[in-house]
Amino acid sequence: MSQDANAFQTALALILSLDPDLLDIVRLSLQVSCSAVLLAALIGLPLGAALALWHFPGHGILVVALNALMGLPPVVAGLCVYLLLSRAGPLGELGLLFTPTAMVVAQVILVLPIIAALTRQQVEELHHEYREQLQSLGLSRLRMIPTLLWDARFGLVTVILAGFGRASAEVGAVMIVGGNIDGVTRVMTTAIVLETSKGDLPLALGLGIVLLGLVALINAGAYLVGESARRRLG
Amino acid sequence: MNDMTAPLLDDIPTLLLEGAGFMHRGQRLLAPVDLRLAGCRRTLLMGPNGAGKSLLMRLAHGLLPPSQGRVRWQGHVPRQAMVFQRPVLLKRSALANLTYALAVQGTPRTRRRSLAREALERFGLAAVEKRPARVLSGGEQQRLALARAWLLEPEVLFLDEPTSALDPAAIQAVEDAVREFHARGTRILMSCHDLHQARRLADDVLFLHDGRLLEHTPTETFFTAPASPEARAFIRGELVV
């Protein structure tokens, strides 16, 4: 118990002294997860909107597949990217394995289904309400997409946050394709796993606190912005 | 844009429904309709709920394709706008709702704001220009929807029970707006089930009952000498209540 309390104190000290090792890990974590979420949003928002607006043969299967992929285990995503990028794999020549880029790719695969599937739900609901008016204004379905995405913006912030939560919390995918190399591909979650198994509880705990704090901060910010906007715009 | 005071009667294309009907899941919601709507008139679609008024209007506006028959315009396809029973406004300010419609129409960016402000002024909404459209009162929202339609300079305006959820003052505003549209040369096709409103506004009346078009007559004839027993009952019933 006293050792735990001790570890907690040391963890706080590490954070408050802005320990450079700790900062590096935090920075890389944010870099990887934010890039992955940004890319996944750029693809997933229009993709989800398109799935809400167009119905074609196989549409149902695609929606079910996308929903199912929301629960894709990170280690499986990691394994797939590993097979693609490993030296013997089809994209092995790019030499991307064990780089932050590989980690971003793996996380995009994890986050994309979440953003696309949830965006489809939000946009479909809104489209139900707007369809006739937008059609009456003479908009094609392609031109409805930006309008619907913009008017669904409050809901979509939550969708993107859900994607960010998935990316920042997962350990399996970045561990497999990143390799947890010190100073190169070590991120918060992989470092926590490593330090815990090594018995360096203060660093693990410190990282855990930072991770929690960051996620809480981002969510709080988004909540406040969303709520005030919702209240203003009805 | 508001220099057209006299209706340009010859310019409005004629709407033709040729055996146009609508089925949904094997149920006939609108029996085949043959209809010819010519001239810059104010036509009111009347009939009880579920008679097919909204459906006929959506077929005419092109929001729904008919399951059988044809809907077409003689002459050119006119510029059209529609005002719905519950106005659909975007989650932005009243002004932005109007500039959006102008942007969709391809109005140059530099002219959008001043045109939108003019329309807000015309419909008594200048004071709420910056307010989010969705927190406006029901009457204000419907006026904003009318202002949006006004900016589109439609040759044909469809209104689907635009006053059914409004108080008398707001109804008055909508009726005034309809007259203004008409005075500018817009053909009106509007549904309602208020007989007094029909008397005030309509040049001619279409009477629908149970998915069938039963009458198309001048307003006066409709009220004094309705041909079908359903229309007679409708007029009597409404007056008694």
# chains A, B, ... in the order shown; residues from 1 in each chain; ligands from 1
>>> interface_residues(of="chain B", to="chain A", cutoff="12 Å", atoms="only C-alpha atoms", output="NGL selection string")
:B and (57-64 or 79-94 or 97-98 or 100-106 or 130-137 or 145 or 148-149 or 151-154 or 156-160)
>>> residues_around(residues="region 181-196 of chain B", least_positions_apart="3", cutoff="6 Å", atoms="only C-alpha atoms", output="CSV table (one decimal) with all heavy atoms, in the first residue's frame")
chain,number,residue,atom,x,y,z
B,4,MET,N,-41.4,43.1,-60.9
B,4,MET,CA,-42.4,42.5,-61.7
B,4,MET,C,-43.7,42.6,-60.9
B,4,MET,O,-44.0,41.7,-60.0
B,4,MET,CB,-42.1,41.0,-61.9
B,4,MET,CG,-40.7,40.8,-62.5
B,4,MET,SD,-40.4,39.1,-63.0
B,4,MET,CE,-41.4,38.1,-61.9
B,5,THR,N,-44.5,43.6,-61.1
B,5,THR,CA,-45.7,43.8,-60.3
B,5,THR,C,-46.9,43.1,-61.0
B,5,THR,O,-47.7,42.5,-60.3
B,5,THR,CB,-46.0,45.2,-60.1
B,5,THR,OG1,-45.7,45.9,-61.3
B,5,THR,CG2,-45.2,45.8,-59.0
B,7,PRO,N,-48.7,40.2,-63.0
B,7,PRO,CA,-48.5,38.7,-63.3
B,7,PRO,C,-48.3,38.5,-64.8
B,7,PRO,O,-49.0,39.1,-65.6
B,7,PRO,CB,-49.8,38.1,-62.8
B,7,PRO,CG,-50.4,39.0,-61.9
B,7,PRO,CD,-50.0,40.4,-62.3
B,8,LEU,N,-47.3,37.7,-65.1
B,8,LEU,CA,-47.0,37.4,-66.5
B,8,LEU,C,-47.7,36.1,-66.9
B,8,LEU,O,-47.2,35.1,-66.8
B,8,LEU,CB,-45.5,37.3,-66.8
B,8,LEU,CG,-44.7,38.5,-66.3
B,8,LEU,CD1,-43.2,38.2,-66.2
B,8,LEU,CD2,-44.9,39.7,-67.2
B,40,CYS,N,-51.5,31.7,-64.3
B,40,CYS,CA,-51.0,32.2,-63.0
B,40,CYS,C,-52.1,32.3,-62.0
B,40,CYS,O,-52.6,33.4,-61.7
B,40,CYS,CB,-50.3,33.5,-63.2
B,40,CYS,SG,-49.6,34.1,-61.7
B,41,ARG,N,-52.6,31.2,-61.6
B,41,ARG,CA,-53.8,31.2,-60.7
B,41,ARG,C,-53.4,30.7,-59.3
B,41,ARG,O,-52.3,30.2,-59.1
B,41,ARG,CB,-54.9,30.3,-61.2
B,41,ARG,CG,-55.3,30.7,-62.6
B,41,ARG,CD,-56.2,29.6,-63.2
B,41,ARG,NE,-57.5,29.6,-62.5
B,41,ARG,CZ,-58.5,30.4,-62.7
B,41,ARG,NH1,-58.4,31.3,-63.7
B,41,ARG,NH2,-59.6,30.3,-62.1
B,42,ARG,N,-54.3,30.8,-58.4
B,42,ARG,CA,-54.1,30.3,-57.0
B,42,ARG,C,-55.1,29.1,-56.9
B,42,ARG,O,-56.3,29.3,-56.8
B,42,ARG,CB,-54.4,31.4,-56.0
B,42,ARG,CG,-53.4,32.5,-56.0
B,42,ARG,CD,-53.9,33.7,-55.2
B,42,ARG,NE,-55.1,34.2,-55.7
B,42,ARG,CZ,-55.8,35.3,-55.2
B,42,ARG,NH1,-55.3,35.8,-54.1
B,42,ARG,NH2,-56.9,35.7,-55.8
B,43,THR,N,-54.5,27.9,-56.9
B,43,THR,CA,-55.3,26.7,-56.8
B,43,THR,C,-55.2,26.1,-55.4
B,43,THR,O,-54.0,26.0,-54.9
B,43,THR,CB,-54.8,25.7,-57.8
B,43,THR,OG1,-54.9,26.3,-59.1
B,43,THR,CG2,-55.7,24.4,-57.8
B,44,LEU,N,-56.3,25.9,-54.8
B,44,LEU,CA,-56.2,25.2,-53.4
B,44,LEU,C,-56.7,23.8,-53.5
B,44,LEU,O,-57.7,23.5,-54.1
B,44,LEU,CB,-57.1,26.0,-52.4
B,44,LEU,CG,-56.1,26.8,-51.5
B,44,LEU,CD1,-55.7,28.1,-52.3
B,44,LEU,CD2,-56.8,27.2,-50.2
B,45,LEU,N,-55.8,22.9,-52.9
B,45,LEU,CA,-56.1,21.5,-52.8
B,45,LEU,C,-56.9,21.3,-51.5
B,45,LEU,O,-56.4,21.6,-50.4
B,45,LEU,CB,-54.9,20.7,-52.7
B,45,LEU,CG,-54.2,20.3,-54.0
B,45,LEU,CD1,-52.8,20.0,-53.8
B,45,LEU,CD2,-54.9,19.0,-54.5
B,46,MET,N,-58.1,20.8,-51.6
B,46,MET,CA,-58.9,20.6,-50.4
B,46,MET,C,-59.2,19.2,-50.2
B,46,MET,O,-59.3,18.4,-51.1
B,46,MET,CB,-60.2,21.5,-50.4
B,46,MET,CG,-60.0,22.9,-50.8
B,46,MET,SD,-60.4,24.2,-49.6
B,46,MET,CE,-60.7,23.4,-48.1
B,155,GLU,N,-41.5,30.4,-60.3
B,155,GLU,CA,-42.7,30.7,-61.2
B,155,GLU,C,-43.9,29.9,-60.6
B,155,GLU,O,-45.0,30.3,-60.9
B,155,GLU,CB,-42.3,30.2,-62.6
B,155,GLU,CG,-41.2,31.0,-63.3
B,155,GLU,CD,-40.7,30.3,-64.5
B,155,GLU,OE1,-41.3,30.4,-65.6
B,155,GLU,OE2,-39.7,29.6,-64.4
B,156,VAL,N,-43.6,28.8,-59.9
B,156,VAL,CA,-44.6,28.0,-59.3
B,156,VAL,C,-44.2,27.8,-57.8
B,156,VAL,O,-43.1,27.4,-57.5
B,156,VAL,CB,-44.8,26.7,-60.0
B,156,VAL,CG1,-45.9,25.9,-59.3
B,156,VAL,CG2,-45.1,26.9,-61.5
B,157,LEU,N,-45.2,28.1,-56.9
B,157,LEU,CA,-44.9,27.9,-55.5
B,157,LEU,C,-45.9,26.9,-55.0
B,157,LEU,O,-47.1,27.0,-55.1
B,157,LEU,CB,-45.1,29.2,-54.7
B,157,LEU,CG,-44.9,29.1,-53.2
B,157,LEU,CD1,-43.5,28.7,-52.9
B,157,LEU,CD2,-45.3,30.4,-52.5
B,158,PHE,N,-45.4,25.8,-54.3
B,158,PHE,CA,-46.2,24.8,-53.7
B,158,PHE,C,-46.2,25.1,-52.2
B,158,PHE,O,-45.2,25.4,-51.6
B,158,PHE,CB,-45.6,23.4,-53.9
B,158,PHE,CG,-45.6,23.0,-55.4
B,158,PHE,CD1,-44.4,23.3,-56.1
B,158,PHE,CD2,-46.7,22.4,-56.0
B,158,PHE,CE1,-44.4,22.9,-57.5
B,158,PHE,CE2,-46.6,22.1,-57.3
B,158,PHE,CZ,-45.5,22.3,-58.1
B,159,LEU,N,-47.4,25.1,-51.6
B,159,LEU,CA,-47.5,25.2,-50.1
B,159,LEU,C,-48.3,24.1,-49.5
B,159,LEU,O,-49.5,23.9,-49.9
B,159,LEU,CB,-48.1,26.6,-49.7
B,159,LEU,CG,-47.4,27.8,-50.3
B,159,LEU,CD1,-48.2,28.4,-51.4
B,159,LEU,CD2,-47.3,28.9,-49.1
B,160,ASP,N,-47.7,23.3,-48.7
B,160,ASP,CA,-48.4,22.1,-48.1
B,160,ASP,C,-48.9,22.5,-46.7
B,160,ASP,O,-48.1,22.4,-45.8
B,160,ASP,CB,-47.4,20.9,-48.1
B,160,ASP,CG,-48.1,19.6,-47.7
B,160,ASP,OD1,-49.4,19.6,-47.6
B,160,ASP,OD2,-47.4,18.7,-47.3
B,161,GLU,N,-50.2,22.8,-46.6
B,161,GLU,CA,-50.8,23.1,-45.3
B,161,GLU,C,-49.9,24.1,-44.5
B,161,GLU,O,-49.5,23.7,-43.4
B,161,GLU,CB,-51.1,21.9,-44.5
B,161,GLU,CG,-52.1,21.0,-45.3
B,161,GLU,CD,-52.7,19.9,-44.4
B,161,GLU,OE1,-52.6,20.0,-43.2
B,161,GLU,OE2,-53.3,19.0,-45.0
B,178,VAL,N,-48.7,34.8,-49.6
B,178,VAL,CA,-49.2,34.1,-50.8
B,178,VAL,C,-49.7,35.1,-51.8
B,178,VAL,O,-49.4,35.0,-53.0
B,178,VAL,CB,-50.3,33.1,-50.4
B,178,VAL,CG1,-51.0,32.6,-51.6
B,178,VAL,CG2,-49.7,32.0,-49.6
B,199,ARG,N,-61.9,30.2,-49.3
B,199,ARG,CA,-62.7,31.3,-49.9
B,199,ARG,C,-61.8,32.6,-50.0
B,199,ARG,O,-62.0,33.4,-51.0
B,199,ARG,CB,-63.8,31.6,-48.9
B,199,ARG,CG,-65.0,30.7,-49.0
B,199,ARG,CD,-66.1,31.2,-48.1
B,199,ARG,NE,-67.0,30.2,-47.7
B,199,ARG,CZ,-68.1,29.9,-48.4
B,199,ARG,NH1,-68.3,30.6,-49.5
B,199,ARG,NH2,-68.9,29.0,-48.0
>>> residues_around(residues="region 67-69 of chain A", least_positions_apart="4", cutoff="8 Å", atoms="only C-alpha atoms", output="short mmCIF file (atom, residue, chain, number, x, y, z; two decimals) with all heavy atoms, in the first residue's frame")
data_model
loop_
_atom_site.label_atom_id
_atom_site.label_comp_id
_atom_site.auth_asym_id
_atom_site.auth_seq_id
_atom_site.Cartn_x
_atom_site.Cartn_y
_atom_site.Cartn_z
N VAL A 63 -23.25 -2.08 -44.56
CA VAL A 63 -23.55 -1.42 -43.29
C VAL A 63 -23.30 -2.37 -42.12
O VAL A 63 -22.68 -2.00 -41.12
CB VAL A 63 -25.02 -0.91 -43.28
CG1 VAL A 63 -25.43 -0.49 -41.88
CG2 VAL A 63 -25.17 0.26 -44.25
N LEU A 110 -8.69 0.93 -37.32
CA LEU A 110 -9.53 0.76 -36.14
C LEU A 110 -10.60 1.86 -36.03
O LEU A 110 -11.73 1.61 -35.60
CB LEU A 110 -8.67 0.80 -34.87
CG LEU A 110 -7.80 -0.43 -34.61
CD1 LEU A 110 -6.92 -0.18 -33.39
CD2 LEU A 110 -8.68 -1.64 -34.39
N PRO A 113 -14.02 2.48 -39.19
CA PRO A 113 -15.38 1.91 -39.11
C PRO A 113 -16.26 2.65 -38.09
O PRO A 113 -17.46 2.82 -38.33
CB PRO A 113 -15.13 0.47 -38.65
CG PRO A 113 -13.73 0.18 -39.02
CD PRO A 113 -12.99 1.48 -38.91
N ILE A 114 -15.67 3.07 -36.98
CA ILE A 114 -16.45 3.78 -35.96
C ILE A 114 -16.99 5.08 -36.54
O ILE A 114 -18.19 5.38 -36.46
CB ILE A 114 -15.58 4.07 -34.72
CG1 ILE A 114 -15.22 2.76 -34.04
CG2 ILE A 114 -16.30 5.01 -33.77
CD1 ILE A 114 -14.46 2.93 -32.75
N ALA A 117 -19.52 4.37 -39.55
CA ALA A 117 -20.80 3.76 -39.16
C ALA A 117 -21.65 4.75 -38.36
O ALA A 117 -22.86 4.88 -38.60
CB ALA A 117 -20.55 2.49 -38.34
#
>>> residues_around(residues="region 52-62 of chain A", least_positions_apart="2", cutoff="10 Å", atoms="only C-alpha atoms", output="short mmCIF file (atom, residue, chain, number, x, y, z; two decimals) with all heavy atoms, in the first residue's frame")
data_model
loop_
_atom_site.label_atom_id
_atom_site.label_comp_id
_atom_site.auth_asym_id
_atom_site.auth_seq_id
_atom_site.Cartn_x
_atom_site.Cartn_y
_atom_site.Cartn_z
N PRO A 46 -17.35 11.59 -45.19
CA PRO A 46 -18.05 11.50 -46.48
C PRO A 46 -18.53 10.08 -46.79
O PRO A 46 -19.63 9.90 -47.35
CB PRO A 46 -17.00 11.93 -47.52
CG PRO A 46 -15.75 12.21 -46.79
CD PRO A 46 -15.98 12.08 -45.33
N LEU A 47 -17.75 9.08 -46.36
CA LEU A 47 -18.15 7.69 -46.62
C LEU A 47 -19.45 7.36 -45.89
O LEU A 47 -20.39 6.80 -46.47
CB LEU A 47 -17.03 6.74 -46.17
CG LEU A 47 -17.30 5.24 -46.36
CD1 LEU A 47 -17.38 4.89 -47.83
CD2 LEU A 47 -16.21 4.40 -45.69
N GLY A 48 -19.52 7.75 -44.62
CA GLY A 48 -20.73 7.50 -43.84
C GLY A 48 -21.92 8.23 -44.44
O GLY A 48 -23.02 7.69 -44.55
N ALA A 49 -21.70 9.49 -44.85
CA ALA A 49 -22.78 10.28 -45.45
C ALA A 49 -23.25 9.62 -46.75
O ALA A 49 -24.45 9.52 -47.01
CB ALA A 49 -22.31 11.70 -45.70
N ALA A 50 -22.30 9.15 -47.55
CA ALA A 50 -22.67 8.51 -48.82
C ALA A 50 -23.50 7.26 -48.56
O ALA A 50 -24.49 7.00 -49.25
CB ALA A 50 -21.41 8.16 -49.62
N VAL A 64 -23.75 -3.62 -42.29
CA VAL A 64 -23.54 -4.61 -41.22
C VAL A 64 -22.04 -4.84 -41.01
O VAL A 64 -21.55 -4.89 -39.88
CB VAL A 64 -24.26 -5.93 -41.56
CG1 VAL A 64 -23.84 -7.03 -40.59
CG2 VAL A 64 -25.77 -5.74 -41.50
N ALA A 65 -21.31 -4.95 -42.12
CA ALA A 65 -19.86 -5.18 -42.02
C ALA A 65 -19.19 -4.03 -41.29
O ALA A 65 -18.34 -4.22 -40.42
CB ALA A 65 -19.27 -5.34 -43.42
N LEU A 66 -19.61 -2.82 -41.64
CA LEU A 66 -19.02 -1.63 -41.01
C LEU A 66 -19.33 -1.61 -39.51
O LEU A 66 -18.45 -1.35 -38.68
CB LEU A 66 -19.60 -0.39 -41.69
CG LEU A 66 -18.71 0.83 -41.80
CD1 LEU A 66 -17.39 0.49 -42.43
CD2 LEU A 66 -19.42 1.91 -42.61
N ASN A 67 -20.57 -1.93 -39.18
CA ASN A 67 -20.95 -1.97 -37.76
C ASN A 67 -20.15 -3.03 -37.02
O ASN A 67 -19.70 -2.81 -35.89
CB ASN A 67 -22.45 -2.24 -37.61
CG ASN A 67 -23.29 -1.03 -38.00
OD1 ASN A 67 -22.78 0.08 -38.06
ND2 ASN A 67 -24.56 -1.25 -38.28
N ALA A 68 -19.97 -4.18 -37.67
CA ALA A 68 -19.22 -5.25 -37.03
C ALA A 68 -17.77 -4.85 -36.82
O ALA A 68 -17.17 -5.15 -35.79
CB ALA A 68 -19.30 -6.52 -37.87
N ALA A 116 -17.24 6.05 -39.72
CA ALA A 116 -18.13 5.88 -40.88
C ALA A 116 -19.50 5.36 -40.44
O ALA A 116 -20.53 5.88 -40.87
CB ALA A 116 -17.49 4.92 -41.88
N ALA A 117 -19.52 4.37 -39.55
CA ALA A 117 -20.80 3.76 -39.16
C ALA A 117 -21.65 4.75 -38.36
O ALA A 117 -22.86 4.88 -38.60
CB ALA A 117 -20.55 2.49 -38.34
N THR A 119 -21.38 8.05 -38.35
CA THR A 119 -21.75 9.16 -39.23
C THR A 119 -22.96 8.77 -40.07
O THR A 119 -23.88 9.56 -40.26
CB THR A 119 -20.58 9.53 -40.15
OG1 THR A 119 -19.49 9.95 -39.35
CG2 THR A 119 -20.97 10.66 -41.10
N ARG A 120 -22.95 7.53 -40.56
CA ARG A 120 -24.09 7.09 -41.37
C ARG A 120 -25.39 7.22 -40.58
O ARG A 120 -26.38 7.74 -41.08
CB ARG A 120 -23.90 5.63 -41.79
CG ARG A 120 -25.01 5.12 -42.70
CD ARG A 120 -25.02 3.61 -42.82
NE ARG A 120 -25.35 2.97 -41.57
CZ ARG A 120 -26.59 2.81 -41.10
NH1 ARG A 120 -27.61 3.24 -41.81
NH2 ARG A 120 -26.82 2.22 -39.95
N GLN A 121 -25.36 6.77 -39.31
CA GLN A 121 -26.57 6.88 -38.49
C GLN A 121 -27.03 8.32 -38.34
O GLN A 121 -28.20 8.65 -38.53
CB GLN A 121 -26.32 6.28 -37.11
CG GLN A 121 -26.37 4.77 -37.09
CD GLN A 121 -25.98 4.21 -35.74
OE1 GLN A 121 -25.98 4.93 -34.74
NE2 GLN A 121 -25.65 2.94 -35.71
N GLN A 122 -26.09 9.18 -37.99
CA GLN A 122 -26.43 10.59 -37.74
C GLN A 122 -26.98 11.25 -38.99
O GLN A 122 -27.99 11.95 -38.96
CB GLN A 122 -25.19 11.36 -37.29
CG GLN A 122 -24.57 10.84 -36.03
CD GLN A 122 -24.95 11.67 -34.83
OE1 GLN A 122 -25.49 12.74 -34.97
NE2 GLN A 122 -24.66 11.16 -33.66
N VAL A 123 -26.28 11.03 -40.11
CA VAL A 123 -26.67 11.69 -41.36
C VAL A 123 -28.01 11.13 -41.86
O VAL A 123 -28.84 11.87 -42.37
CB VAL A 123 -25.56 11.54 -42.42
CG1 VAL A 123 -26.05 12.00 -43.78
CG2 VAL A 123 -24.34 12.34 -42.00
N GLU A 124 -28.20 9.84 -41.67
CA GLU A 124 -29.46 9.23 -42.13
C GLU A 124 -30.65 9.86 -41.41
O GLU A 124 -31.67 10.18 -42.02
CB GLU A 124 -29.43 7.72 -41.87
CG GLU A 124 -30.41 6.95 -42.72
CD GLU A 124 -30.04 5.48 -42.78
OE1 GLU A 124 -30.24 4.77 -41.79
OE2 GLU A 124 -29.52 5.05 -43.83
N GLU A 125 -30.49 10.05 -40.10
CA GLU A 125 -31.55 10.67 -39.31
C GLU A 125 -31.85 12.08 -39.82
O GLU A 125 -33.00 12.46 -40.02
CB GLU A 125 -31.09 10.76 -37.86
CG GLU A 125 -32.09 10.29 -36.84
CD GLU A 125 -31.41 10.08 -35.51
OE1 GLU A 125 -31.31 11.06 -34.77
OE2 GLU A 125 -30.94 8.95 -35.24
N LEU A 126 -30.79 12.83 -40.02
CA LEU A 126 -30.96 14.22 -40.46
C LEU A 126 -31.53 14.28 -41.88
O LEU A 126 -32.39 15.10 -42.19
CB LEU A 126 -29.60 14.92 -40.40
CG LEU A 126 -29.63 16.43 -40.33
CD1 LEU A 126 -30.35 16.88 -39.07
CD2 LEU A 126 -28.21 16.99 -40.33
N HIS A 127 -31.05 13.38 -42.72
CA HIS A 127 -31.51 13.34 -44.10
C HIS A 127 -33.00 13.08 -44.17
O HIS A 127 -33.72 13.64 -45.00
CB HIS A 127 -30.74 12.26 -44.86
CG HIS A 127 -31.12 12.16 -46.31
ND1 HIS A 127 -31.52 11.01 -46.89
CD2 HIS A 127 -31.18 13.10 -47.27
CE1 HIS A 127 -31.82 11.22 -48.16
NE2 HIS A 127 -31.61 12.48 -48.42
N HIS A 128 -33.46 12.23 -43.25
CA HIS A 128 -34.89 11.93 -43.19
C HIS A 128 -35.69 13.23 -43.01
O HIS A 128 -36.73 13.43 -43.63
CB HIS A 128 -35.15 10.98 -42.02
CG HIS A 128 -36.54 10.44 -42.00
ND1 HIS A 128 -37.00 9.56 -42.92
CD2 HIS A 128 -37.58 10.71 -41.18
CE1 HIS A 128 -38.26 9.27 -42.66
NE2 HIS A 128 -38.64 9.97 -41.61
N ARG A 131 -34.63 15.81 -46.33
CA ARG A 131 -34.62 15.34 -47.71
C ARG A 131 -35.50 16.17 -48.64
O ARG A 131 -35.01 16.70 -49.65
CB ARG A 131 -35.05 13.88 -47.76
CG ARG A 131 -34.85 13.25 -49.13
CD ARG A 131 -35.36 11.83 -49.17
NE ARG A 131 -36.79 11.82 -48.94
CZ ARG A 131 -37.40 11.08 -48.01
NH1 ARG A 131 -36.70 10.28 -47.27
NH2 ARG A 131 -38.70 11.13 -47.84
N ARG A 141 -27.78 14.54 -54.59
CA ARG A 141 -27.35 13.88 -53.35
C ARG A 141 -25.90 14.22 -53.03
O ARG A 141 -25.55 14.39 -51.87
CB ARG A 141 -27.54 12.37 -53.47
CG ARG A 141 -28.96 11.98 -53.09
CD ARG A 141 -29.13 10.50 -53.08
NE ARG A 141 -29.32 10.00 -54.43
CZ ARG A 141 -29.81 8.79 -54.72
NH1 ARG A 141 -30.14 7.98 -53.73
NH2 ARG A 141 -29.97 8.40 -55.96
N LEU A 142 -25.09 14.35 -54.07
CA LEU A 142 -23.69 14.68 -53.84
C LEU A 142 -23.56 16.04 -53.15
O LEU A 142 -22.78 16.22 -52.22
CB LEU A 142 -22.94 14.70 -55.18
CG LEU A 142 -21.42 14.77 -55.10
CD1 LEU A 142 -20.87 13.52 -54.41
CD2 LEU A 142 -20.80 14.92 -56.48
N MET A 144 -25.79 17.36 -51.28
CA MET A 144 -26.40 17.34 -49.94
C MET A 144 -25.35 17.00 -48.88
O MET A 144 -25.50 17.37 -47.72
CB MET A 144 -27.51 16.30 -49.88
CG MET A 144 -28.78 16.68 -50.62
SD MET A 144 -30.00 15.37 -50.41
CE MET A 144 -31.22 15.88 -51.63
N ILE A 145 -24.30 16.27 -49.29
CA ILE A 145 -23.35 15.75 -48.29
C ILE A 145 -22.75 16.84 -47.41
O ILE A 145 -22.83 16.76 -46.18
CB ILE A 145 -22.26 14.89 -48.97
CG1 ILE A 145 -22.89 13.58 -49.45
CG2 ILE A 145 -21.10 14.61 -48.03
CD1 ILE A 145 -21.92 12.62 -50.10
#
